[in-house]
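What follows is input_32.txt (compact mmCIF, C-alpha atoms).
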# COMPACT_ATOMS: atom_id res chain seq x y z
CA MET I 3 0.82 -4.12 7.01
CA SER I 4 -1.44 -3.55 9.96
CA GLY I 5 -0.88 -4.39 13.58
CA PRO I 6 -3.38 -6.20 15.79
CA SER I 7 -6.90 -4.97 15.11
CA ASP I 8 -9.12 -3.27 17.69
CA ALA I 9 -12.28 -4.90 16.30
CA ARG I 10 -14.81 -6.19 18.84
CA GLN I 11 -14.27 -9.53 20.50
CA THR I 12 -17.64 -10.79 19.26
CA PRO I 13 -17.72 -14.49 18.32
CA ILE I 14 -18.82 -15.19 14.77
CA THR I 15 -21.81 -17.50 14.81
CA ASP I 16 -23.44 -16.49 11.53
CA ARG I 17 -21.89 -15.80 8.13
CA ARG I 18 -24.07 -12.71 7.86
CA GLN I 19 -21.84 -11.09 10.49
CA LEU I 20 -18.99 -11.17 7.97
CA VAL I 21 -21.10 -9.54 5.28
CA GLU I 22 -22.15 -6.90 7.78
CA VAL I 23 -18.51 -5.97 8.37
CA PHE I 24 -18.32 -4.59 4.84
CA ALA I 25 -21.84 -3.13 4.90
CA SER I 26 -20.83 -1.23 8.03
CA GLY I 27 -18.31 0.71 5.93
CA GLU I 28 -21.06 2.46 3.97
CA LYS I 29 -21.02 6.22 4.57
CA PRO I 30 -22.91 9.21 3.18
CA ARG I 31 -20.83 11.39 0.88
CA ALA I 32 -20.44 14.06 3.54
CA ASP I 33 -18.55 11.54 5.68
CA TRP I 34 -16.18 10.26 2.98
CA ARG I 35 -12.57 10.63 4.02
CA ILE I 36 -9.06 10.13 2.63
CA GLY I 37 -6.58 7.87 4.42
CA THR I 38 -3.06 7.85 2.98
CA GLU I 39 -0.35 5.34 3.87
CA HIS I 40 3.27 5.41 2.79
CA GLU I 41 6.38 3.39 3.55
CA LYS I 42 10.04 4.38 3.37
CA PHE I 43 13.45 2.76 3.74
CA GLY I 44 15.66 3.80 6.62
CA PHE I 45 19.43 3.91 6.16
CA ARG I 46 22.50 4.95 8.12
CA TRP I 47 24.25 7.90 6.56
CA ASP I 48 27.75 6.56 7.29
CA ASP I 49 27.42 3.20 5.51
CA LEU I 50 23.95 3.36 3.87
CA ARG I 51 22.93 0.12 5.59
CA PRO I 52 19.40 -0.32 6.95
CA PRO I 53 19.21 0.23 10.70
CA THR I 54 18.51 -2.71 12.96
CA PHE I 55 15.70 -2.66 15.50
CA GLU I 56 18.04 -2.65 18.48
CA GLY I 57 21.01 -0.46 19.25
CA GLU I 58 21.79 3.19 19.92
CA ARG I 59 20.81 4.10 16.35
CA GLY I 60 18.10 1.49 15.97
CA ILE I 61 14.51 1.74 14.85
CA GLU I 62 13.16 1.38 18.40
CA VAL I 63 15.16 4.42 19.48
CA LEU I 64 13.70 6.32 16.54
CA LEU I 65 10.16 5.35 17.53
CA LYS I 66 10.76 6.36 21.12
CA GLY I 67 12.18 9.66 19.90
CA LEU I 68 9.01 10.38 17.96
CA THR I 69 6.96 10.23 21.17
CA ARG I 70 8.07 13.79 21.90
CA PHE I 71 5.66 14.87 19.17
CA GLY I 72 2.69 13.40 21.03
CA TRP I 73 2.75 9.85 19.67
CA THR I 74 1.71 7.08 22.07
CA PRO I 75 3.91 3.96 21.96
CA TYR I 76 2.48 0.48 21.34
CA GLU I 77 4.50 -2.44 22.69
CA GLU I 78 4.80 -6.11 21.85
CA ASP I 79 6.78 -8.23 24.35
CA GLY I 80 8.03 -5.06 26.01
CA ARG I 81 9.42 -3.53 22.81
CA VAL I 82 8.03 -0.44 21.11
CA ILE I 83 6.91 -1.51 17.63
CA ALA I 84 4.34 1.14 16.73
CA LEU I 85 2.95 4.58 17.60
CA THR I 86 -0.54 6.07 17.55
CA ARG I 87 -1.85 9.64 17.53
CA GLU I 88 -5.26 11.13 16.70
CA GLY I 89 -6.42 8.43 14.28
CA ALA I 90 -3.00 7.92 12.69
CA SER I 91 -0.27 5.36 13.35
CA VAL I 92 3.39 4.76 12.65
CA THR I 93 4.20 1.08 12.18
CA LEU I 94 7.06 -1.12 11.01
CA GLU I 95 7.23 -3.32 7.97
CA PRO I 96 9.27 -6.55 8.37
CA ALA I 97 12.72 -5.04 7.68
CA GLY I 98 12.05 -1.80 9.50
CA GLN I 99 10.49 0.15 6.66
CA LEU I 100 8.70 2.96 8.45
CA GLU I 101 5.02 3.38 7.59
CA LEU I 102 2.71 6.27 8.28
CA SER I 103 -0.95 5.24 8.22
CA GLY I 104 -2.59 8.62 8.10
CA ALA I 105 -5.75 9.71 9.84
CA PRO I 106 -9.01 9.84 7.83
CA LEU I 107 -9.03 13.41 6.49
CA ALA I 108 -11.54 15.44 4.51
CA THR I 109 -9.32 17.04 1.85
CA LEU I 110 -6.07 16.46 0.03
CA HIS I 111 -4.74 19.70 1.48
CA GLU I 112 -5.04 18.17 4.94
CA THR I 113 -3.51 14.91 3.71
CA CYS I 114 -0.46 16.64 2.29
CA ARG I 115 0.04 18.70 5.44
CA GLU I 116 -0.11 15.49 7.46
CA VAL I 117 2.56 13.86 5.27
CA GLY I 118 4.79 16.92 5.46
CA SER I 119 4.46 17.14 9.23
CA HIS I 120 5.29 13.44 9.62
CA LEU I 121 8.40 13.69 7.44
CA ARG I 122 9.62 16.72 9.40
CA GLU I 123 9.14 14.87 12.68
CA VAL I 124 10.97 11.80 11.40
CA ARG I 125 13.84 13.90 10.14
CA ALA I 126 14.14 15.79 13.43
CA VAL I 127 14.68 12.51 15.26
CA ALA I 128 16.60 10.69 12.53
CA ASP I 129 19.18 13.43 12.01
CA ALA I 130 20.38 13.07 15.60
CA LEU I 131 20.78 9.33 15.05
CA GLY I 132 22.64 9.66 11.76
CA LEU I 133 19.73 8.09 9.89
CA GLY I 134 18.05 9.02 6.63
CA PHE I 135 14.93 7.84 4.82
CA LEU I 136 14.35 7.11 1.16
CA GLY I 137 11.13 6.69 -0.79
CA MET I 138 11.41 4.11 -3.59
CA GLY I 139 9.53 0.96 -4.51
CA PHE I 140 12.38 -1.50 -3.94
CA GLN I 141 15.56 -1.43 -1.87
CA PRO I 142 18.14 -0.34 -4.49
CA LYS I 143 21.35 -1.60 -2.89
CA TRP I 144 21.11 -4.23 -0.19
CA ARG I 145 20.49 -7.94 -0.67
CA ARG I 146 17.71 -9.85 1.04
CA GLU I 147 20.17 -11.34 3.52
CA ASP I 148 21.43 -7.86 4.41
CA MET I 149 18.02 -6.75 5.63
CA PRO I 150 17.19 -6.83 9.35
CA TRP I 151 14.01 -8.33 10.78
CA MET I 152 11.71 -6.56 13.19
CA PRO I 153 10.59 -8.42 16.35
CA LYS I 154 6.90 -8.76 15.48
CA GLY I 155 5.26 -12.13 15.99
CA ARG I 156 3.21 -12.12 12.80
CA TYR I 157 6.33 -11.47 10.71
CA GLN I 158 8.09 -14.55 12.05
CA ILE I 159 5.14 -16.70 10.97
CA MET I 160 5.03 -15.07 7.54
CA ARG I 161 8.80 -15.40 7.15
CA GLU I 162 8.59 -19.15 7.53
CA TYR I 163 5.50 -19.52 5.33
CA MET I 164 6.39 -17.28 2.38
CA PRO I 165 9.04 -19.54 0.76
CA LYS I 166 6.46 -22.34 0.60
CA VAL I 167 4.17 -20.41 -1.76
CA GLY I 168 6.38 -18.13 -3.89
CA ARG I 169 9.96 -17.17 -4.72
CA LEU I 170 9.75 -13.46 -3.93
CA GLY I 171 7.61 -13.26 -0.80
CA LEU I 172 10.56 -12.51 1.45
CA ASP I 173 11.60 -9.74 -0.91
CA MET I 174 8.09 -8.33 -0.69
CA MET I 175 8.38 -8.30 3.08
CA THR I 176 11.87 -6.88 3.44
CA ARG I 177 12.69 -4.89 0.32
CA THR I 178 9.53 -3.16 -0.94
CA CYS I 179 7.83 0.13 -0.10
CA THR I 180 4.53 1.50 -1.35
CA VAL I 181 2.16 4.43 -1.09
CA GLN I 182 -1.54 3.62 -0.76
CA VAL I 183 -4.84 5.42 -0.29
CA ASN I 184 -7.99 4.30 1.49
CA LEU I 185 -11.32 5.65 0.22
CA ASP I 186 -14.94 5.25 1.26
CA TYR I 187 -18.09 4.05 -0.48
CA ALA I 188 -21.76 4.93 -0.05
CA SER I 189 -23.40 1.59 -0.78
CA GLU I 190 -22.72 -1.89 -2.06
CA ALA I 191 -23.34 -0.76 -5.64
CA ASP I 192 -20.99 2.21 -5.17
CA MET I 193 -18.34 -0.11 -3.74
CA VAL I 194 -18.64 -2.46 -6.72
CA LYS I 195 -18.28 0.32 -9.28
CA LYS I 196 -15.29 1.87 -7.50
CA PHE I 197 -13.67 -1.54 -6.99
CA ARG I 198 -13.93 -2.35 -10.71
CA VAL I 199 -12.57 1.03 -11.84
CA ALA I 200 -9.73 0.87 -9.33
CA LEU I 201 -8.72 -2.67 -10.29
CA ALA I 202 -8.82 -1.94 -14.03
CA LEU I 203 -6.75 1.24 -13.66
CA GLN I 204 -4.32 0.03 -11.00
CA PRO I 205 -1.70 -0.71 -13.72
CA VAL I 206 -1.87 2.95 -14.77
CA ALA I 207 -0.94 3.97 -11.23
CA THR I 208 1.85 1.39 -11.24
CA ALA I 209 3.20 2.85 -14.48
CA LEU I 210 3.05 6.49 -13.35
CA PHE I 211 4.68 5.73 -9.99
CA ALA I 212 7.26 3.22 -11.31
CA ASP I 213 10.38 3.79 -9.20
CA SER I 214 12.15 0.51 -8.50
CA PRO I 215 14.68 -0.17 -11.29
CA PHE I 216 17.56 -1.47 -9.12
CA THR I 217 18.20 -4.73 -7.29
CA ASP I 218 21.40 -5.51 -5.40
CA GLY I 219 22.97 -2.29 -6.70
CA ALA I 220 22.34 -2.85 -10.41
CA PRO I 221 19.53 -2.37 -12.95
CA ASN I 222 17.05 -5.24 -12.75
CA GLY I 223 15.35 -4.87 -16.14
CA PHE I 224 12.13 -3.55 -14.60
CA LEU I 225 10.79 -0.08 -13.96
CA SER I 226 8.57 -1.23 -11.08
CA TYR I 227 10.30 -4.29 -9.69
CA ARG I 228 8.13 -3.91 -6.58
CA SER I 229 5.08 -4.61 -8.74
CA HIS I 230 6.79 -7.62 -10.32
CA VAL I 231 7.61 -9.02 -6.87
CA TRP I 232 3.90 -9.34 -6.14
CA THR I 233 3.47 -11.69 -9.12
CA ASP I 234 5.56 -14.35 -7.36
CA THR I 235 4.68 -13.84 -3.71
CA ASP I 236 1.58 -15.94 -3.00
CA PRO I 237 -1.07 -16.61 -5.67
CA ASP I 238 -3.68 -17.43 -3.02
CA ARG I 239 -3.79 -13.86 -1.73
CA THR I 240 -2.61 -11.55 -4.54
CA GLY I 241 -3.65 -10.43 -8.01
CA LEU I 242 -6.44 -8.77 -9.96
CA LEU I 243 -9.48 -10.63 -8.55
CA ASP I 244 -11.29 -11.37 -11.82
CA PHE I 245 -14.45 -12.26 -9.91
CA VAL I 246 -14.92 -8.57 -9.06
CA PHE I 247 -15.98 -8.03 -12.68
CA GLU I 248 -18.50 -10.88 -12.69
CA ASP I 249 -22.24 -10.32 -12.48
CA GLY I 250 -23.52 -10.47 -8.93
CA PHE I 251 -20.28 -9.37 -7.26
CA GLY I 252 -20.77 -7.78 -3.87
CA TYR I 253 -19.98 -8.13 -0.19
CA GLU I 254 -20.93 -11.81 -0.06
CA ARG I 255 -18.62 -12.77 -2.90
CA TYR I 256 -15.73 -10.93 -1.28
CA VAL I 257 -16.41 -12.80 1.96
CA ASP I 258 -16.15 -16.06 0.00
CA TYR I 259 -12.80 -14.91 -1.38
CA LEU I 260 -11.45 -14.11 2.07
CA LEU I 261 -12.60 -17.44 3.46
CA ASP I 262 -10.57 -19.15 0.74
CA VAL I 263 -7.41 -17.15 1.54
CA PRO I 264 -5.20 -19.37 3.74
CA MET I 265 -4.63 -18.09 7.25
CA TYR I 266 -1.36 -16.85 8.71
CA PHE I 267 -2.05 -16.57 12.44
CA VAL I 268 -4.48 -16.11 15.30
CA HIS I 269 -3.79 -13.41 17.90
CA ARG I 270 -4.55 -14.47 21.47
CA GLN I 271 -3.48 -12.90 24.77
CA GLY I 272 -0.75 -10.86 23.16
CA ARG I 273 0.68 -13.81 21.20
CA TYR I 274 0.54 -14.86 17.57
CA LEU I 275 -0.35 -18.52 17.10
CA ASP I 276 0.88 -20.06 13.87
CA ALA I 277 -2.09 -21.00 11.70
CA SER I 278 -0.27 -20.62 8.39
CA GLY I 279 -1.95 -22.39 5.51
CA LYS I 280 -4.99 -23.34 7.56
CA SER I 281 -8.60 -22.63 6.63
CA PHE I 282 -10.70 -19.83 8.08
CA ARG I 283 -13.72 -21.91 7.09
CA ASP I 284 -12.52 -24.57 9.53
CA PHE I 285 -12.10 -21.86 12.15
CA LEU I 286 -15.74 -20.82 11.61
CA ALA I 287 -16.75 -24.43 12.26
CA GLY I 288 -14.64 -24.66 15.44
CA ARG I 289 -12.18 -27.01 13.77
CA LEU I 290 -8.97 -24.95 13.84
CA ASP I 291 -6.42 -27.29 15.37
CA VAL I 292 -4.36 -24.54 17.01
CA LEU I 293 -7.50 -23.46 18.95
CA PRO I 294 -9.62 -26.62 19.20
CA GLY I 295 -13.32 -25.88 19.55
CA ALA I 296 -12.88 -22.10 19.51
CA LEU I 297 -14.87 -19.87 17.20
CA PRO I 298 -13.28 -16.80 15.58
CA THR I 299 -14.17 -13.31 16.71
CA LEU I 300 -14.78 -10.28 14.54
CA ARG I 301 -11.27 -9.20 15.46
CA ASP I 302 -9.91 -12.46 14.04
CA PHE I 303 -11.75 -11.77 10.79
CA SER I 304 -10.49 -8.19 10.77
CA ASP I 305 -6.93 -9.44 11.21
CA HIS I 306 -7.44 -12.05 8.50
CA MET I 307 -8.59 -9.34 6.07
CA THR I 308 -5.17 -7.71 6.38
CA THR I 309 -3.44 -10.88 5.14
CA ALA I 310 -5.01 -10.72 1.67
CA PHE I 311 -2.92 -8.63 -0.71
CA PRO I 312 -4.82 -8.06 -3.97
CA GLU I 313 -4.15 -5.00 -6.14
CA VAL I 314 -7.21 -3.37 -4.55
CA ARG I 315 -8.31 -4.52 -1.11
CA LEU I 316 -11.72 -4.21 0.49
CA LYS I 317 -11.99 -3.64 4.23
CA THR I 318 -14.58 -1.17 5.47
CA PHE I 319 -13.10 1.04 2.75
CA LEU I 320 -11.28 0.43 -0.53
CA GLU I 321 -7.50 0.39 -0.47
CA MET I 322 -5.55 1.14 -3.69
CA ARG I 323 -2.26 -0.75 -3.55
CA GLY I 324 -0.51 -0.44 -6.92
CA ALA I 325 2.08 2.33 -6.52
CA ASP I 326 5.78 2.43 -5.68
CA SER I 327 6.73 4.74 -2.84
CA GLY I 328 8.41 8.00 -3.69
CA PRO I 329 9.10 11.59 -2.63
CA TRP I 330 6.74 13.91 -0.76
CA ASN I 331 4.96 15.28 -3.83
CA ARG I 332 4.16 11.83 -5.23
CA ILE I 333 2.88 10.68 -1.83
CA CYS I 334 0.36 13.51 -2.15
CA ALA I 335 -0.29 12.73 -5.83
CA LEU I 336 -1.46 9.15 -5.25
CA PRO I 337 -4.54 10.08 -3.19
CA ALA I 338 -5.18 12.96 -5.61
CA LEU I 339 -5.36 10.51 -8.51
CA TRP I 340 -7.89 8.22 -6.84
CA VAL I 341 -9.95 10.91 -5.11
CA GLY I 342 -10.30 12.65 -8.46
CA LEU I 343 -11.49 9.44 -10.10
CA LEU I 344 -13.68 7.96 -7.38
CA TYR I 345 -15.10 10.81 -5.28
CA ASP I 346 -16.81 12.72 -8.09
CA ASP I 347 -19.80 11.11 -9.81
CA ALA I 348 -19.05 12.46 -13.29
CA ALA I 349 -15.41 11.36 -13.02
CA LEU I 350 -16.38 7.91 -11.77
CA ASP I 351 -18.82 7.53 -14.67
CA ALA I 352 -16.15 8.64 -17.14
CA ALA I 353 -13.58 6.27 -15.65
CA TRP I 354 -16.06 3.39 -15.80
CA ASP I 355 -16.84 4.21 -19.44
CA LEU I 356 -13.10 4.11 -20.10
CA VAL I 357 -12.54 0.65 -18.59
CA ARG I 358 -15.86 -1.17 -18.92
CA THR I 359 -14.88 -2.72 -22.26
CA PHE I 360 -11.49 -3.94 -21.04
CA THR I 361 -11.40 -7.69 -21.43
CA ARG I 362 -9.97 -10.02 -18.83
CA GLU I 363 -7.01 -10.61 -21.16
CA GLU I 364 -6.41 -6.88 -21.52
CA ARG I 365 -6.53 -6.31 -17.78
CA HIS I 366 -3.98 -9.04 -17.22
CA ALA I 367 -1.77 -7.84 -20.07
CA LEU I 368 -1.66 -4.43 -18.42
CA ARG I 369 -0.90 -5.90 -15.00
CA ASP I 370 1.80 -8.20 -16.35
CA GLY I 371 3.39 -5.65 -18.69
CA VAL I 372 3.66 -2.41 -16.74
CA PRO I 373 6.27 -3.60 -14.19
CA ARG I 374 8.78 -3.86 -17.03
CA HIS I 375 7.55 -1.32 -19.58
CA ALA I 376 5.43 1.18 -17.59
CA LEU I 377 4.11 3.97 -19.81
CA GLN I 378 5.68 2.49 -22.95
CA LEU I 379 3.60 -0.68 -22.78
CA PRO I 380 1.44 -1.02 -25.92
CA PHE I 381 -2.28 -0.96 -25.26
CA ARG I 382 -4.90 -1.19 -27.96
CA SER I 383 -4.01 1.39 -30.62
CA GLY I 384 -1.61 3.31 -28.40
CA THR I 385 0.36 2.92 -25.19
CA VAL I 386 -0.28 3.10 -21.47
CA ARG I 387 1.03 6.66 -21.66
CA GLU I 388 -2.03 7.77 -23.66
CA LEU I 389 -4.28 5.84 -21.29
CA ALA I 390 -2.61 7.55 -18.32
CA GLN I 391 -3.10 10.97 -19.88
CA GLU I 392 -6.82 10.34 -20.27
CA VAL I 393 -7.07 9.01 -16.71
CA LEU I 394 -5.32 12.12 -15.39
CA ARG I 395 -7.63 14.37 -17.40
CA ILE I 396 -10.64 12.69 -15.79
CA ALA I 397 -9.09 12.87 -12.31
CA ALA I 398 -8.19 16.56 -12.65
CA ALA I 399 -11.73 17.43 -13.71
CA GLY I 400 -13.09 15.47 -10.76
CA LEU I 401 -10.85 17.35 -8.33
CA ARG I 402 -11.83 20.70 -9.81
CA ARG I 403 -15.52 19.84 -9.39
CA ARG I 404 -14.89 18.89 -5.74
CA ALA I 405 -13.80 22.52 -5.34
CA CYS I 406 -11.96 21.96 -2.07
CA ALA I 407 -9.80 25.07 -1.80
CA ASP I 408 -6.88 25.82 0.49
CA ALA I 409 -6.30 29.14 2.23
CA CYS I 410 -4.95 30.61 -1.01
CA GLY I 411 -7.96 29.48 -3.03
CA ALA I 412 -6.20 26.65 -4.90
CA ASP I 413 -8.20 23.49 -5.50
CA GLU I 414 -6.85 19.95 -5.13
CA SER I 415 -6.00 19.39 -8.80
CA GLY I 416 -2.54 20.86 -8.29
CA PHE I 417 -1.50 17.72 -6.44
CA LEU I 418 -1.62 15.88 -9.78
CA THR I 419 1.18 18.03 -11.23
CA PRO I 420 4.00 15.45 -10.69
CA LEU I 421 1.95 12.81 -12.51
CA LEU I 422 1.02 15.14 -15.34
CA GLU I 423 4.71 15.90 -15.83
CA ILE I 424 5.57 12.19 -15.89
CA ALA I 425 2.82 11.43 -18.41
CA GLU I 426 3.78 14.39 -20.60
CA SER I 427 7.46 13.45 -20.70
CA GLY I 428 6.83 9.72 -20.90
CA GLN I 429 9.70 9.26 -18.45
CA THR I 430 8.96 7.48 -15.19
CA PRO I 431 10.96 8.15 -12.02
CA ALA I 432 12.65 4.79 -12.61
CA GLN I 433 13.86 5.86 -16.05
CA GLN I 434 15.14 9.14 -14.64
CA LYS I 435 17.19 7.25 -12.06
CA LEU I 436 18.49 4.81 -14.67
CA ALA I 437 19.74 7.76 -16.74
CA LEU I 438 21.59 9.05 -13.69
CA PHE I 439 22.99 5.58 -12.97
CA HIS I 440 24.38 5.25 -16.50
CA GLY I 441 25.52 8.88 -16.50
CA GLU I 442 26.74 11.03 -13.63
CA TRP I 443 26.48 8.27 -11.03
CA GLY I 444 29.02 6.20 -12.93
CA GLY I 445 27.24 2.87 -12.54
CA CYS I 446 26.82 3.17 -8.76
CA VAL I 447 23.50 3.35 -6.90
CA ASP I 448 24.90 4.94 -3.75
CA PRO I 449 24.09 8.52 -4.88
CA VAL I 450 20.37 7.68 -4.86
CA PHE I 451 20.43 7.82 -1.05
CA HIS I 452 22.02 11.27 -1.05
CA GLN I 453 20.02 12.84 -3.88
CA PHE I 454 16.58 11.42 -3.08
CA ALA I 455 16.44 11.15 0.72
CA TYR I 456 13.57 12.99 2.39

Would you encode the structure as structure tokens?
Amino acid sequence: MSGPSDARQTPITDRRQLVEVFASGEKPRADWRIGTEHEKFGFRWDDLRPPTFEGERGIEVLLKGLTRFGWTPYEEDGRVIALTREGASVTLEPAGQLELSGAPLATLHETCREVGSHLREVRAVADALGLGFLGMGFQPKWRREDMPWMPKGRYQIMREYMPKVGRLGLDMMTRTCTVQVNLDYASEADMVKKFRVALALQPVATALFADSPFTDGAPNGFLSYRSHVWTDTDPDRTGLLDFVFEDGFGYERYVDYLLDVPMYFVHRQGRYLDASGKSFRDFLAGRLDVLPGALPTLRDFSDHMTTAFPEVRLKTFLEMRGADSGPWNRICALPALWVGLLYDDAALDAAWDLVRTFTREERHALRDGVPRHALQLPFRSGTVRELAQEVLRIAAAGLRRRACADACGADESGFLTPLLEIAESGQTPAQQKLALFHGEWGGCVDPVFHQFAY
């Protein structure tokens, strides 16, 4: 989740300003970039519990420790809650999950170096504090009530609102971690095509990255419980966005969607005002009761965009949101998958040909089925595994055609190797961990922290 936006403080007096926000994201191919985000669970090595914000071994101390690597601290109410450096940021999810929002980079080689550098910096500071970090989709051991809360104003508002609209929203906030990638578009038509392909194939990414089989220390019956959590978080701001596949979809229709998403807050003078459940349309008309007579600014709209959580999200780029977090090589594999599919014209055409005949019912069957069954979910005459293999073939060809080589001459397709291995074996990371749980771990999840920490 993002912190307060730096968008301009321009009052919105015409709906066309909202449409222009998305049009402003259009970039020529030469300027397309890759922005990778990933979250991870912190834990204390001595008792495996998540660290609190305060204290000698707390998250704030960790953030302050990272400033020695050139990160600039960002404070809220005098407490360090985020860091920035050269187009990247380190932020906190509600229970202290640490998120790197990477800088916009030109190649996957740069992206993977950025991830590796970040993890080394975190470990250098965390080791001295007796802390470790784990990449999985859902907290495997600790209950919701065991999770700490970070002192961020927007999270307090969301914490109170979530139980009103879904059963699992607080779990989403405190016990999930994801890896995401942000990619550019050249035009409205290009955005529409990429949005449709990404939405239709998001369940494939969920299946390949499925790594959240435990809840409260025991198997939960799912392979991506993180993905299941989103089905009972808040129906007003989540899901597959069927309207994206309708004729005439474009920036204006997405603006309509956002205006119908209930608000969470308004940020004024360093404070978050509770506007949960209220209408942004009323705000546009000067009728928001928490700010009587005031009109929203472009920053307010930018902040509001971050409170919609569909499977693919449009900002001034497209954000793919369907994958569980995981180890270093899968953090690199997620942007490789989507860059291969969306940044090469032939690959994008092939991916669109693959999904264009998917019916609404099929798209929803995929979305609803992969959290539990992942690659084994039946689809048409086969399974999601066969679909994933075809998707990976298209992505690999797209990456090879991009021909972005590293210093050794290797192109970007090698970053797909972890996913190719998963698809070939048919065994997701979640199934591998379940086998360990029922085998050498002896029915205990504690070893996951030791064997899979960064």

Taking all atoms listed in the file into account, produce a table as a Markdown table in which each residue of segment 137-241 of chain I with an atom at most 7 Å from an atom of segment 429-437 of chain I appears once, together with its shortest atom pair and the distance in Å to one decimal, ordered by chain and rising number.
| residue | atom | partner | partner_atom | distance |
| --- | --- | --- | --- | --- |
| I:Leu210 | CA | I:Thr430 | CA | 6.3 |
| I:Phe211 | CA | I:Thr430 | CA | 7.0 |
| I:Ala212 | CA | I:Ala432 | CA | 5.8 |
| I:Asp213 | CA | I:Ala432 | CA | 4.2 |
| I:Ser214 | CA | I:Ala432 | CA | 6.0 |
| I:Pro215 | CA | I:Ala432 | CA | 5.5 |
| I:Leu225 | CA | I:Ala432 | CA | 5.4 |

From the list I:Arg332, I:Arg369, I:Arg402, I:Arg358, the nearest residue to Pro420 of chain I using all atoms listed in the file is I:Arg332

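Closest approach to Arg31 of chain I from the set I:Asp448, I:Glu58, I:Glu101, I:Asp346 is made by I:Asp346, with distances taken over all atoms listed in the file.
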
Identify, on the basis of only C-alpha atoms, every residue whose closest approach to segment 111-121 of chain I does not exceed 8 Å; exclude the query and any residue fewer than 3 positions from it along the same chain; express the result as number ranges by chain. I: 36-38, 102, 104, 107-108, 124-125, 330, 333-334, 408, 414, 456

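Candidate residues I:Arg35, I:Lys154, I:Lys143, I:Lys195 were compared for distance to Arg51 of chain I, and the nearest is I:Lys143, using only C-alpha atoms.
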
Among listed residues I:Leu422, I:Val231, I:Leu290, I:Val21, nearest Thr217 of chain I (using only C-alpha atoms): I:Val231

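Nearest residue to Arg270 of chain I among I:Lys42, I:Arg177, I:Arg156, I:Arg365 is I:Arg156, counting only C-alpha atoms.
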
Interatomic distance between atom CA of Pro294 of chain I and atom CA of Glu162 of chain I? 22.9 Å

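Remark: for Gly44 of chain I, the closest of the candidate residues I:Ala105, I:Val183, I:Ile14, I:Met149 is I:Met149 (distances computed over all atoms listed in the file).
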
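Note that the spacing between atom CA of His40 of chain I and atom CA of Asp370 of chain I amounts to 23.5 Å.
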
Hey, what's within 12 Å of Phe360 of chain I if we count only C-alpha atoms and toss same-chain stuff fewer than 4 positions away? As JSON, numbers by chain, please? {"I": [198, 199, 201, 202, 203, 244, 247, 353, 354, 355, 356, 364, 365, 366, 367, 368, 381, 382]}

Taking 2 positions as the minimum chain separation for residues in the same chain, which residues sit within 9 Å of Val82 of chain I when counting only C-alpha atoms? Answer as a ChimeraX atom specification. /I:62-63,65-66,75-80,84-85

Name the residues, using the chain letters and numbers of the file, that sit within 9 Å of (21.9, -2.9, -5.9) when counting all atoms listed in the file, and give them as number ranges by chain. I: 141-145, 216-222, 446-448

Spatial neighbours of Pro153 of chain I, 10 Å, only C-alpha atoms, chain gap at least 4 places, as a PDB file with C-alpha atoms, in the frame of the given file:
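result_28.pdb written:
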ATOM      1  CA  PHE I  55      15.700  -2.660  15.500  1.00  0.00           C
ATOM      2  CA  GLU I  56      18.040  -2.650  18.480  1.00  0.00           C
ATOM      3  CA  GLU I  78       4.800  -6.110  21.850  1.00  0.00           C
ATOM      4  CA  ASP I  79       6.780  -8.230  24.350  1.00  0.00           C
ATOM      5  CA  ARG I  81       9.420  -3.530  22.810  1.00  0.00           C
ATOM      6  CA  VAL I  82       8.030  -0.440  21.110  1.00  0.00           C
ATOM      7  CA  ILE I  83       6.910  -1.510  17.630  1.00  0.00           C
ATOM      8  CA  LEU I  94       7.060  -1.120  11.010  1.00  0.00           C
ATOM      9  CA  PRO I  96       9.270  -6.550   8.370  1.00  0.00           C
ATOM     10  CA  ALA I  97      12.720  -5.040   7.680  1.00  0.00           C
ATOM     11  CA  GLY I  98      12.050  -1.800   9.500  1.00  0.00           C
ATOM     12  CA  TYR I 157       6.330 -11.470  10.710  1.00  0.00           C
ATOM     13  CA  GLN I 158       8.090 -14.550  12.050  1.00  0.00           C
TER      14      GLN I 158
END

Please fill the gaps in segment 79-84 of chain I so it has N, CA and C atoms, and write that as a PDB file, in the frame of the given file.
ATOM      1  N   ASP I  79       5.722  -7.591  23.549  1.00  0.00           N
ATOM      2  CA  ASP I  79       6.780  -8.230  24.350  1.00  0.00           C
ATOM      3  C   ASP I  79       7.755  -7.212  24.927  1.00  0.00           C
ATOM      4  N   GLY I  80       7.207  -6.061  25.353  1.00  0.00           N
ATOM      5  CA  GLY I  80       8.030  -5.060  26.010  1.00  0.00           C
ATOM      6  C   GLY I  80       8.854  -4.187  25.082  1.00  0.00           C
ATOM      7  N   ARG I  81       8.671  -4.332  23.773  1.00  0.00           N
ATOM      8  CA  ARG I  81       9.420  -3.530  22.810  1.00  0.00           C
ATOM      9  C   ARG I  81       8.467  -2.625  22.039  1.00  0.00           C
ATOM     10  N   VAL I  82       8.871  -1.394  21.839  1.00  0.00           N
ATOM     11  CA  VAL I  82       8.030  -0.440  21.110  1.00  0.00           C
ATOM     12  C   VAL I  82       8.096  -0.771  19.624  1.00  0.00           C
ATOM     13  N   ILE I  83       6.941  -1.129  19.053  1.00  0.00           N
ATOM     14  CA  ILE I  83       6.910  -1.510  17.630  1.00  0.00           C
ATOM     15  C   ILE I  83       5.971  -0.640  16.806  1.00  0.00           C
ATOM     16  N   ALA I  84       5.264   0.293  17.469  1.00  0.00           N
ATOM     17  CA  ALA I  84       4.340   1.140  16.730  1.00  0.00           C
ATOM     18  C   ALA I  84       3.994   2.359  17.584  1.00  0.00           C
TER      19      ALA I  84
END
